[in-house]
file target36.cif (mmCIF, C-alpha atoms)
data_structure
loop_
_atom_site.label_atom_id
_atom_site.label_comp_id
_atom_site.auth_asym_id
_atom_site.auth_seq_id
_atom_site.Cartn_x
_atom_site.Cartn_y
_atom_site.Cartn_z
CA MET A 1 -5.95 -22.32 -15.77
CA ARG A 2 -4.24 -21.69 -12.44
CA PHE A 3 -1.47 -19.09 -12.50
CA GLU A 4 0.72 -17.19 -10.04
CA LEU A 5 0.23 -13.45 -9.62
CA ASP A 6 3.85 -12.37 -9.28
CA SER A 7 5.12 -8.78 -9.27
CA VAL A 8 5.88 -8.80 -13.01
CA LEU A 9 2.39 -9.93 -13.95
CA MET A 10 0.87 -7.50 -11.44
CA ASP A 11 2.71 -4.57 -13.04
CA GLN A 12 1.65 -5.70 -16.50
CA ILE A 13 -2.01 -5.95 -15.50
CA LEU A 14 -1.90 -2.51 -13.83
CA PHE A 15 -0.43 -1.00 -17.00
CA TYR A 16 -3.15 -2.37 -19.28
CA MET A 17 -5.99 -1.68 -16.85
CA GLU A 18 -5.57 2.05 -17.44
CA ASN A 19 -5.44 1.73 -21.21
CA GLN A 20 -8.91 2.56 -22.53
CA ASP A 21 -7.99 2.01 -26.19
CA GLY A 22 -7.68 -1.76 -26.29
CA ASP A 23 -9.43 -5.00 -25.40
CA PHE A 24 -7.13 -6.92 -23.09
CA ILE A 25 -7.16 -10.50 -21.84
CA LEU A 26 -4.73 -12.60 -19.85
CA ASP A 27 -3.05 -15.65 -21.31
CA THR A 28 -2.80 -17.73 -18.15
CA ARG A 29 -0.48 -20.24 -19.81
CA GLU A 30 2.09 -17.68 -20.94
CA GLY A 31 1.50 -15.28 -18.04
CA THR A 32 1.12 -12.25 -20.28
CA VAL A 33 -1.58 -9.73 -21.21
CA ILE A 34 -2.77 -9.64 -24.83
CA ASP A 35 -4.43 -6.83 -26.77
CA ILE A 36 -6.79 -8.86 -28.95
CA MET A 37 -7.78 -5.78 -30.97
CA ASN A 38 -4.21 -5.43 -32.21
CA ASP A 39 -3.42 -9.14 -31.97
CA ASN A 40 -0.01 -8.50 -30.44
CA HIS A 41 0.42 -12.11 -29.36
CA ASP A 42 3.30 -14.27 -30.54
CA ASN A 43 1.48 -16.45 -33.01
CA LYS A 44 4.57 -18.58 -33.66
CA SER A 45 4.19 -20.18 -30.26
CA THR A 46 0.41 -20.10 -30.12
CA ASN A 47 -0.53 -21.10 -33.69
CA LYS A 48 -3.39 -18.60 -33.89
CA CYS A 49 -4.85 -18.99 -30.44
CA ASP A 50 -8.55 -19.33 -29.88
CA TYR A 51 -9.21 -16.39 -27.54
CA ASN A 52 -12.56 -17.93 -26.63
CA ASP A 53 -10.74 -20.71 -24.81
CA ASN A 54 -11.92 -19.92 -21.26
CA ASP A 55 -9.56 -22.49 -19.78
CA ARG A 56 -6.61 -20.40 -20.98
CA PHE A 57 -7.76 -16.81 -21.58
CA ILE A 58 -9.59 -14.62 -19.07
CA ASN A 59 -10.47 -10.94 -18.86
CA ILE A 60 -8.26 -8.73 -16.73
CA PRO A 61 -9.95 -6.54 -14.07
CA LYS A 62 -11.91 -3.60 -15.41
CA TRP A 63 -10.73 -0.07 -14.65
CA ARG A 64 -12.84 2.55 -16.37
CA SER A 65 -12.50 6.32 -16.41
CA ASN A 66 -15.33 6.50 -13.87
CA ASP A 67 -13.26 4.38 -11.50
CA GLY A 68 -10.36 6.78 -11.87
CA PHE A 69 -12.60 9.80 -11.30
CA ARG A 70 -14.14 8.33 -8.15
CA LEU A 71 -10.68 7.54 -6.83
CA MET A 72 -9.57 11.13 -7.43
CA GLU A 73 -12.65 12.39 -5.57
CA LYS A 74 -11.90 10.09 -2.64
CA PHE A 75 -8.26 11.16 -2.52
CA ALA A 76 -9.14 14.86 -2.68
CA SER A 77 -11.57 14.50 0.22
CA CYS A 78 -8.79 12.98 2.36
CA VAL A 79 -6.23 15.72 1.70
CA LYS A 80 -5.74 17.63 4.95
CA ASN A 81 -4.20 20.77 3.47
CA PRO A 82 -7.22 23.04 2.81
CA VAL A 83 -5.55 24.91 -0.06
CA ILE A 84 -4.63 21.73 -1.96
CA ARG A 85 -8.01 20.17 -1.18
CA HIS A 86 -9.80 23.25 -2.58
CA GLU A 87 -7.68 23.31 -5.76
CA LEU A 88 -8.25 19.61 -6.36
CA GLY A 89 -11.98 20.15 -5.86
CA GLU A 90 -11.95 22.94 -8.43
CA ALA A 91 -10.15 20.67 -10.90
CA LEU A 92 -12.70 17.90 -10.40
CA ASN A 93 -15.58 20.32 -11.02
CA LYS A 94 -14.38 21.24 -14.51
CA ASN A 95 -16.55 20.22 -17.43
CA LYS A 96 -13.60 19.16 -19.57
CA GLY A 97 -10.01 18.10 -19.00
CA VAL A 98 -10.63 16.94 -15.44
CA PHE A 99 -7.79 14.40 -15.36
CA ARG A 100 -5.28 16.85 -16.79
CA ALA A 101 -6.38 19.60 -14.39
CA PHE A 102 -6.09 17.19 -11.44
CA ARG A 103 -2.53 16.27 -12.44
CA ASP A 104 -1.62 19.93 -12.98
CA VAL A 105 -2.63 20.77 -9.41
CA LEU A 106 -0.62 17.92 -7.92
CA GLU A 107 2.47 18.81 -9.95
CA GLN A 108 2.64 22.01 -7.89
CA TYR A 109 2.82 19.98 -4.65
CA PRO A 110 5.40 17.19 -5.04
CA GLU A 111 4.69 15.67 -1.61
CA SER A 112 0.97 15.39 -2.31
CA GLU A 113 1.72 14.11 -5.81
CA LYS A 114 3.77 11.23 -4.38
CA MET A 115 0.95 10.46 -1.98
CA TRP A 116 -1.48 10.36 -4.90
CA PHE A 117 0.68 7.96 -6.90
CA ASN A 118 0.98 5.64 -3.89
CA TYR A 119 -2.73 5.96 -3.13
CA LYS A 120 -3.71 5.18 -6.70
CA GLU A 121 -1.32 2.25 -7.06
CA LYS A 122 -2.56 0.71 -3.82
CA ALA A 123 -6.22 1.07 -4.88
CA MET A 124 -5.55 -0.54 -8.25
CA LYS A 125 -3.51 -3.35 -6.70
CA ASP A 126 -6.37 -4.00 -4.28
CA THR A 127 -8.70 -4.31 -7.28
CA VAL A 128 -6.38 -6.85 -8.89
CA LEU A 129 -6.10 -8.81 -5.64
CA LEU A 130 -9.90 -8.97 -5.29
CA TRP A 131 -10.10 -10.32 -8.83
CA TYR A 132 -7.31 -12.84 -8.25
CA ASN A 133 -8.69 -14.00 -4.90
CA ALA A 134 -12.09 -14.60 -6.52
CA LEU A 135 -10.29 -16.92 -8.93
CA ARG A 136 -8.41 -18.62 -6.09
CA GLU A 137 -11.73 -19.26 -4.37
CA GLN A 138 -12.95 -21.01 -7.54
CA TRP A 139 -9.75 -23.07 -7.49
CA GLY A 140 -10.34 -24.07 -3.86
CA LEU A 141 -7.34 -22.07 -2.61
CA LEU A 142 -7.04 -19.62 0.27
CA PRO A 143 -6.92 -15.89 -0.56
CA ILE A 144 -3.66 -13.98 -0.48
CA GLY A 145 -3.05 -10.54 0.98
CA PRO A 146 -1.05 -7.58 -0.30
CA GLU A 147 2.70 -7.57 0.17
CA PRO A 148 3.97 -4.68 2.29
CA GLU A 149 5.32 -1.90 0.08
CA ASP A 150 9.07 -1.21 0.15
CA THR A 151 8.93 2.57 0.38
CA THR A 152 11.92 3.06 2.68
CA SER A 153 14.01 4.96 0.14
CA LEU A 154 11.12 7.32 -0.59
CA VAL A 155 10.62 7.99 3.12
CA LEU A 156 14.30 8.60 3.83
CA GLU A 157 14.42 11.05 0.92
CA ASP A 158 11.48 13.16 2.11
CA PHE A 159 11.64 12.83 5.91
CA VAL A 160 14.23 13.09 8.65
CA ILE A 161 14.09 10.25 11.21
CA ARG A 162 15.34 11.39 14.62
CA GLU A 163 15.87 9.54 17.87
CA GLN A 164 14.80 11.63 20.84
CA GLU A 165 17.25 11.78 23.73
CA SER A 166 16.37 9.43 26.57
CA CYS A 167 18.09 7.48 29.33
CA VAL A 168 17.81 3.74 28.72
CA THR A 169 19.22 1.02 30.98
CA GLU A 170 18.17 -2.51 31.80
CA HIS A 171 17.59 -1.95 35.50
CA GLU A 172 15.80 1.37 35.69
CA GLY A 173 12.04 1.73 35.65
CA LYS A 174 9.96 2.95 32.74
CA ASN A 175 12.38 4.62 30.37
CA SER A 176 11.47 5.25 26.78
CA ILE A 177 12.84 4.99 23.28
CA VAL A 178 11.30 7.48 20.89
CA PHE A 179 11.79 8.06 17.17
CA THR A 180 10.09 10.83 15.22
CA ALA A 181 9.81 11.60 11.51
CA GLU A 182 9.94 15.23 10.41
CA ASN A 183 8.91 16.61 7.03
CA GLU A 184 10.89 19.23 5.10
CA GLU A 185 9.38 22.02 7.24
CA GLY A 186 10.49 20.32 10.47
CA GLU A 187 6.94 19.32 11.43
CA ILE A 188 6.32 15.96 13.09
CA ALA A 189 4.73 13.58 10.57
CA GLY A 190 4.90 10.41 12.66
CA SER A 191 6.40 8.87 15.77
CA ILE A 192 6.99 5.62 17.63
CA ARG A 193 7.51 5.25 21.39
CA GLY A 194 8.34 2.29 23.58
CA SER A 195 8.66 1.79 27.33
CA VAL A 196 11.69 -0.12 28.62
CA LYS A 197 11.57 -2.49 31.57
CA ASP A 198 13.38 -5.72 32.46
CA SER A 199 15.22 -6.06 29.13
CA ARG A 200 11.99 -5.69 27.17
CA ILE A 201 10.54 -2.82 25.21
CA HIS A 202 6.79 -2.53 24.88
CA ILE A 203 5.78 -0.39 21.90
CA ASN A 204 2.85 1.57 23.27
CA GLU A 205 2.49 4.29 20.68
CA MET A 206 2.98 4.43 16.93
CA GLU A 207 1.30 7.17 14.94
CA VAL A 208 1.48 8.54 11.41
CA LYS A 209 -0.58 11.64 10.66
CA ASP A 210 -3.40 11.14 8.17
CA GLU A 211 -1.81 13.24 5.43
CA TYR A 212 1.31 11.03 5.47
CA GLN A 213 -0.43 7.66 5.32
CA CYS A 214 0.42 5.14 2.56
CA LEU A 215 4.05 6.29 2.24
CA GLY A 216 5.62 3.52 4.31
CA LEU A 217 6.48 5.95 7.10
CA GLY A 218 5.22 3.65 9.87
CA LYS A 219 7.27 0.77 8.52
CA THR A 220 10.41 2.94 8.41
CA LEU A 221 9.90 4.19 11.96
CA LEU A 222 9.45 0.61 13.14
CA SER A 223 12.64 -0.47 11.37
CA LYS A 224 14.67 2.31 13.02
CA PHE A 225 13.16 1.45 16.40
CA LEU A 226 14.06 -2.24 16.05
CA GLN A 227 17.63 -1.41 15.06
CA LYS A 228 17.95 0.47 18.37
CA ALA A 229 16.38 -2.42 20.30
CA ASP A 230 18.78 -4.94 18.73
CA LYS A 231 21.73 -2.74 19.63
CA LEU A 232 20.56 -2.74 23.28
CA LYS A 233 19.78 -6.49 23.18
CA PHE A 234 16.15 -5.91 24.17
CA ASP A 235 13.13 -8.01 23.21
CA VAL A 236 10.26 -6.02 21.69
CA VAL A 237 6.53 -6.48 22.35
CA ILE A 238 3.62 -4.77 20.60
CA ASP A 239 -0.16 -5.05 21.01
CA LEU A 240 -1.81 -4.71 17.61
CA PRO A 241 -5.42 -3.44 17.53
CA VAL A 242 -7.69 -5.69 15.52
CA GLU A 243 -8.57 -2.88 13.09
CA THR A 244 -4.89 -2.60 12.12
CA GLU A 245 -4.32 -6.32 11.65
CA TYR A 246 -3.02 -5.65 8.12
CA PHE A 247 0.16 -4.29 9.74
CA SER A 248 0.93 -7.77 11.08
CA ARG A 249 2.49 -8.63 7.69
CA SER A 250 5.15 -5.98 8.29
CA LEU A 251 5.70 -7.33 11.81
CA PHE A 252 6.18 -10.89 10.56
CA LEU A 253 8.80 -9.61 8.11
CA GLU A 254 10.63 -8.12 11.09
CA ASN A 255 10.67 -11.55 12.80
CA PHE A 256 7.87 -10.86 15.28
CA LYS A 257 6.01 -13.93 16.55
CA LEU A 258 2.38 -14.03 17.64
CA THR A 259 2.45 -14.88 21.37
CA VAL A 260 -0.84 -13.62 22.85
CA GLN A 261 -4.36 -12.99 21.61
CA ARG A 262 -6.33 -10.51 23.69
CA PHE A 263 -10.13 -10.73 23.92
CA THR A 264 -12.16 -7.84 25.32
CA ARG A 265 -15.76 -7.90 26.55
CA LYS A 266 -17.64 -4.64 26.90
CA ALA A 267 -19.77 -4.07 29.98
CA GLN A 268 -23.32 -5.23 29.47
CA GLU A 269 -26.21 -2.87 30.05
#

call {"tool": "encode", "arguments": {"input": "target36.cif", "output": "structure tokens"}}
result
Amino acid sequence: MRFELDSVLMDQILFYMENQDGDFILDTREGTVIDIMNDNHDNKSTNKCDYNDNDRFINIPKWRSNDGFRLMEKFASCVKNPVIRHELGEALNKNKGVFRAFRDVLEQYPESEKMWFNYKEKAMKDTVLLWYNALREQWGLLPIGPEPEDTTSLVLEDFVIREQESCVTEHEGKNSIVFTAENEEGEIAGSIRGSVKDSRIHINEMEVKDEYQCLGLGKTLLSKFLQKADKLKFDVVIDLPVETEYFSRSLFLENFKLTVQRFTRKAQE
């Protein structure tokens, strides 16, 4: 019954999870989702499959309308713009047509709409990964984590990445390399800063404002920063807080190596 959760199968599962009009199961042998209510399976190859065969067919993760509603509530509560947050709240308080009203509000704010699509996709992918990792545990395999999203093109379309002027040489003291990301209004949405000393750059600050999370902005800033470091022939060092360990996957993709683990002990009373 083991199967690989590749990007094609992930997209297929996500598509059918939102469909409330069918009864969907996964054919682990063929790697495809089947609507057993409409019997859309290729019976030529399956010879009238027995869908009760638990060694081959399993249920896909559940995603009910209540799950979607709770996700919309969570997203609305995180929106920093008070006007958009209020309008989304009004949409969610309607007795009927809540989903349509929610979408209508976001259509007026393209930037927030893109954030919602990314937020929703990530939440649903996390649900699929929890389901798949539960299966992997049954199979005696280690869990897998999410792949970093490739959102660079989206970021470059909506933000301007600028390098701030600074004097950088190998032999001077603490100089800095700074990149910022500006939105369409010229406001700073995120930044990355590193101190330069002895042919090394230590990244000591990387920030993306809350309202611009989940767009891949941090990854894009890091990529621009590393391009500059490579041009200067500098090594790059970064301390990663334990609560942001998920970002290590992006660092590994940029050829970072784990060299030090830092342990901290708080003062005892």

call {"tool": "resolve_selection", "arguments": {"input": "target36.cif", "expression": "the PyMOL selection byres ((chain A and resi 159) around 10)", "output": "ChimeraX atom specification"}}
result
/A:154-158,160-162,180-190,217

call {"tool": "write_last_selection", "arguments": {"input": "target36.cif", "atoms": "C-alpha atoms", "output": "PDB file, keeping the file's coordinate frame"}}
result
ATOM      1  CA  LEU A 154      11.120   7.320  -0.590  1.00  0.00           C
ATOM      2  CA  VAL A 155      10.620   7.990   3.120  1.00  0.00           C
ATOM      3  CA  LEU A 156      14.300   8.600   3.830  1.00  0.00           C
ATOM      4  CA  GLU A 157      14.420  11.050   0.920  1.00  0.00           C
ATOM      5  CA  ASP A 158      11.480  13.160   2.110  1.00  0.00           C
ATOM      6  CA  VAL A 160      14.230  13.090   8.650  1.00  0.00           C
ATOM      7  CA  ILE A 161      14.090  10.250  11.210  1.00  0.00           C
ATOM      8  CA  ARG A 162      15.340  11.390  14.620  1.00  0.00           C
ATOM      9  CA  THR A 180      10.090  10.830  15.220  1.00  0.00           C
ATOM     10  CA  ALA A 181       9.810  11.600  11.510  1.00  0.00           C
ATOM     11  CA  GLU A 182       9.940  15.230  10.410  1.00  0.00           C
ATOM     12  CA  ASN A 183       8.910  16.610   7.030  1.00  0.00           C
ATOM     13  CA  GLU A 184      10.890  19.230   5.100  1.00  0.00           C
ATOM     14  CA  GLU A 185       9.380  22.020   7.240  1.00  0.00           C
ATOM     15  CA  GLY A 186      10.490  20.320  10.470  1.00  0.00           C
ATOM     16  CA  GLU A 187       6.940  19.320  11.430  1.00  0.00           C
ATOM     17  CA  ILE A 188       6.320  15.960  13.090  1.00  0.00           C
ATOM     18  CA  ALA A 189       4.730  13.580  10.570  1.00  0.00           C
ATOM     19  CA  GLY A 190       4.900  10.410  12.660  1.00  0.00           C
ATOM     20  CA  LEU A 217       6.480   5.950   7.100  1.00  0.00           C
TER      21      LEU A 217
END

call {"tool": "residues_around", "arguments": {"input": "target36.cif", "residues": "segment 136-143 of chain A", "least_positions_apart": "4", "cutoff": "10 Å", "atoms": "all atoms listed in the file", "output": "list in words"}}
result
Met1, Arg2, Phe3, Leu129, Leu130, Trp131 and Tyr132 of chain A

call {"tool": "write_last_selection", "arguments": {"input": "target36.cif", "atoms": "C-alpha atoms", "output": "tab-separated table (two decimals), in the frame of the given file"}}
result
chain	number	residue	atom	x	y	z
A	1	MET	CA	-5.95	-22.32	-15.77
A	2	ARG	CA	-4.24	-21.69	-12.44
A	3	PHE	CA	-1.47	-19.09	-12.50
A	129	LEU	CA	-6.10	-8.81	-5.64
A	130	LEU	CA	-9.90	-8.97	-5.29
A	131	TRP	CA	-10.10	-10.32	-8.83
A	132	TYR	CA	-7.31	-12.84	-8.25

call {"tool": "residues_around", "arguments": {"input": "target36.cif", "residues": "Glu207 of chain A", "least_positions_apart": "3", "cutoff": "8 Å", "atoms": "all atoms listed in the file", "output": "count of residues only"}}
result
4

call {"tool": "resolve_selection", "arguments": {"input": "target36.cif", "expression": "the PyMOL selection byres ((chain A and resi 100-117) around 9)", "output": "MDAnalysis selection string"}}
result
chainID A and resid 72 75 79 84 87:92 94 96:99 118:122 158 211:215

call {"tool": "resolve_selection", "arguments": {"input": "target36.cif", "expression": "the PyMOL selection byres ((chain A and resi 18) around 9)", "output": "ChimeraX atom specification"}}
result
/A:13-17,19-20,62-65,68

call {"tool": "residues_near_point", "arguments": {"input": "target36.cif", "point": "(-11.8, -19.6, -24.6)", "cutoff": "12 Å", "atoms": "all atoms listed in the file", "output": "PyMOL selection string"}}
result
chain A and resi 1+25-28+49-59

call {"tool": "closest_residue", "arguments": {"input": "target36.cif", "among": "A:Met206, A:Leu5, A:Ala134, A:Ile36", "to": "Pro241 of chain A", "atoms": "all atoms listed in the file"}}
result
A:Met206

call {"tool": "atom_distance", "arguments": {"input": "target36.cif", "atom1": "atom CA of Gly216 of chain A", "atom2": "atom CA of Asn133 of chain A"}}
result
24.4 Å

call {"tool": "axis_aligned_box", "arguments": {"input": "target36.cif", "around": "segment 92-101 of chain A", "padding_each_side": "3 Å", "output": "JSON"}}
result
{"center_x": -10.9, "center_y": 17.8, "center_z": -15.0, "size_x": 17.3, "size_y": 12.8, "size_z": 15.2}

call {"tool": "decode", "arguments": {"input": "target36.cif", "residues": "segment 135-146 of chain A", "atoms": "all heavy atoms", "output": "PDB file, in the first residue's frame"}}
result
ATOM      1  N   LEU A 135       0.422   7.798   7.926  1.00  0.00           N
ATOM      2  CA  LEU A 135       0.586   6.556   7.170  1.00  0.00           C
ATOM      3  C   LEU A 135       2.036   6.085   7.204  1.00  0.00           C
ATOM      4  O   LEU A 135       2.320   4.894   7.385  1.00  0.00           O
ATOM      5  CB  LEU A 135       0.138   6.750   5.723  1.00  0.00           C
ATOM      6  CG  LEU A 135      -1.363   6.985   5.489  1.00  0.00           C
ATOM      7  CD1 LEU A 135      -1.620   7.362   4.037  1.00  0.00           C
ATOM      8  CD2 LEU A 135      -2.158   5.734   5.852  1.00  0.00           C
ATOM      9  N   ARG A 136       2.965   7.036   7.030  1.00  0.00           N
ATOM     10  CA  ARG A 136       4.387   6.671   7.047  1.00  0.00           C
ATOM     11  C   ARG A 136       4.787   6.081   8.396  1.00  0.00           C
ATOM     12  O   ARG A 136       5.618   5.172   8.462  1.00  0.00           O
ATOM     13  CB  ARG A 136       5.248   7.903   6.719  1.00  0.00           C
ATOM     14  CG  ARG A 136       5.165   8.342   5.270  1.00  0.00           C
ATOM     15  CD  ARG A 136       6.023   9.571   5.017  1.00  0.00           C
ATOM     16  NE  ARG A 136       7.429   9.320   5.229  1.00  0.00           N
ATOM     17  CZ  ARG A 136       8.270   8.836   4.302  1.00  0.00           C
ATOM     18  NH1 ARG A 136       7.812   8.555   3.091  1.00  0.00           N
ATOM     19  NH2 ARG A 136       9.544   8.640   4.575  1.00  0.00           N
ATOM     20  N   GLU A 137       4.185   6.598   9.459  1.00  0.00           N
ATOM     21  CA  GLU A 137       4.467   6.038  10.790  1.00  0.00           C
ATOM     22  C   GLU A 137       4.008   4.582  10.864  1.00  0.00           C
ATOM     23  O   GLU A 137       4.707   3.726  11.426  1.00  0.00           O
ATOM     24  CB  GLU A 137       3.762   6.872  11.861  1.00  0.00           C
ATOM     25  CG  GLU A 137       4.081   6.425  13.279  1.00  0.00           C
ATOM     26  CD  GLU A 137       3.435   7.298  14.326  1.00  0.00           C
ATOM     27  OE1 GLU A 137       2.698   8.239  13.953  1.00  0.00           O
ATOM     28  OE2 GLU A 137       3.659   7.044  15.525  1.00  0.00           O
ATOM     29  N   GLN A 138       2.838   4.283  10.266  1.00  0.00           N
ATOM     30  CA  GLN A 138       2.361   2.904  10.221  1.00  0.00           C
ATOM     31  C   GLN A 138       3.300   2.023   9.407  1.00  0.00           C
ATOM     32  O   GLN A 138       3.458   0.842   9.705  1.00  0.00           O
ATOM     33  CB  GLN A 138       0.961   2.859   9.606  1.00  0.00           C
ATOM     34  CG  GLN A 138      -0.112   3.557  10.423  1.00  0.00           C
ATOM     35  CD  GLN A 138      -1.452   3.552   9.706  1.00  0.00           C
ATOM     36  OE1 GLN A 138      -1.669   2.755   8.786  1.00  0.00           O
ATOM     37  NE2 GLN A 138      -2.348   4.438  10.111  1.00  0.00           N
ATOM     38  N   TRP A 139       3.922   2.613   8.384  1.00  0.00           N
ATOM     39  CA  TRP A 139       4.834   1.856   7.534  1.00  0.00           C
ATOM     40  C   TRP A 139       6.231   1.732   8.141  1.00  0.00           C
ATOM     41  O   TRP A 139       7.117   1.100   7.563  1.00  0.00           O
ATOM     42  CB  TRP A 139       4.957   2.516   6.163  1.00  0.00           C
ATOM     43  CG  TRP A 139       3.667   2.685   5.432  1.00  0.00           C
ATOM     44  CD1 TRP A 139       2.520   1.957   5.592  1.00  0.00           C
ATOM     45  CD2 TRP A 139       3.367   3.661   4.420  1.00  0.00           C
ATOM     46  NE1 TRP A 139       1.536   2.409   4.757  1.00  0.00           N
ATOM     47  CE2 TRP A 139       2.023   3.457   4.015  1.00  0.00           C
ATOM     48  CE3 TRP A 139       4.094   4.679   3.807  1.00  0.00           C
ATOM     49  CZ2 TRP A 139       1.408   4.235   3.043  1.00  0.00           C
ATOM     50  CZ3 TRP A 139       3.494   5.459   2.842  1.00  0.00           C
ATOM     51  CH2 TRP A 139       2.156   5.226   2.468  1.00  0.00           C
ATOM     52  N   GLY A 140       6.453   2.384   9.288  1.00  0.00           N
ATOM     53  CA  GLY A 140       7.765   2.343   9.918  1.00  0.00           C
ATOM     54  C   GLY A 140       8.766   3.277   9.286  1.00  0.00           C
ATOM     55  O   GLY A 140       9.985   3.065   9.392  1.00  0.00           O
ATOM     56  N   LEU A 141       8.267   4.349   8.631  1.00  0.00           N
ATOM     57  CA  LEU A 141       9.134   5.323   7.968  1.00  0.00           C
ATOM     58  C   LEU A 141       9.132   6.637   8.730  1.00  0.00           C
ATOM     59  O   LEU A 141       8.189   6.963   9.453  1.00  0.00           O
ATOM     60  CB  LEU A 141       8.667   5.566   6.530  1.00  0.00           C
ATOM     61  CG  LEU A 141       8.626   4.336   5.616  1.00  0.00           C
ATOM     62  CD1 LEU A 141       8.052   4.716   4.254  1.00  0.00           C
ATOM     63  CD2 LEU A 141      10.014   3.722   5.464  1.00  0.00           C
ATOM     64  N   LEU A 142      10.192   7.421   8.532  1.00  0.00           N
ATOM     65  CA  LEU A 142      10.274   8.733   9.160  1.00  0.00           C
ATOM     66  C   LEU A 142       9.324   9.706   8.471  1.00  0.00           C
ATOM     67  O   LEU A 142       9.045   9.584   7.276  1.00  0.00           O
ATOM     68  CB  LEU A 142      11.704   9.273   9.083  1.00  0.00           C
ATOM     69  CG  LEU A 142      12.759   8.525   9.899  1.00  0.00           C
ATOM     70  CD1 LEU A 142      14.146   9.088   9.605  1.00  0.00           C
ATOM     71  CD2 LEU A 142      12.456   8.619  11.388  1.00  0.00           C
ATOM     72  N   PRO A 143       8.824  10.709   9.194  1.00  0.00           N
ATOM     73  CA  PRO A 143       7.943  11.704   8.578  1.00  0.00           C
ATOM     74  C   PRO A 143       8.712  12.608   7.619  1.00  0.00           C
ATOM     75  O   PRO A 143       9.936  12.729   7.713  1.00  0.00           O
ATOM     76  CB  PRO A 143       7.407  12.502   9.776  1.00  0.00           C
ATOM     77  CG  PRO A 143       8.456  12.346  10.818  1.00  0.00           C
ATOM     78  CD  PRO A 143       9.011  10.955  10.639  1.00  0.00           C
ATOM     79  N   ILE A 144       7.995  13.206   6.713  1.00  0.00           N
ATOM     80  CA  ILE A 144       8.591  14.180   5.800  1.00  0.00           C
ATOM     81  C   ILE A 144       8.037  15.557   6.143  1.00  0.00           C
ATOM     82  O   ILE A 144       6.970  15.698   6.740  1.00  0.00           O
ATOM     83  CB  ILE A 144       8.297  13.848   4.322  1.00  0.00           C
ATOM     84  CG1 ILE A 144       6.788  13.908   4.053  1.00  0.00           C
ATOM     85  CG2 ILE A 144       8.870  12.497   3.957  1.00  0.00           C
ATOM     86  CD1 ILE A 144       6.448  13.813   2.569  1.00  0.00           C
ATOM     87  N   GLY A 145       8.773  16.585   5.754  1.00  0.00           N
ATOM     88  CA  GLY A 145       8.330  17.958   5.990  1.00  0.00           C
ATOM     89  C   GLY A 145       7.913  18.612   4.698  1.00  0.00           C
ATOM     90  O   GLY A 145       8.125  18.073   3.606  1.00  0.00           O
ATOM     91  N   PRO A 146       7.314  19.799   4.776  1.00  0.00           N
ATOM     92  CA  PRO A 146       6.884  20.505   3.572  1.00  0.00           C
ATOM     93  C   PRO A 146       8.064  21.017   2.773  1.00  0.00           C
ATOM     94  O   PRO A 146       9.089  21.403   3.341  1.00  0.00           O
ATOM     95  CB  PRO A 146       6.051  21.675   4.120  1.00  0.00           C
ATOM     96  CG  PRO A 146       6.599  21.899   5.487  1.00  0.00           C
ATOM     97  CD  PRO A 146       7.000  20.545   6.000  1.00  0.00           C
TER      98      PRO A 146
END
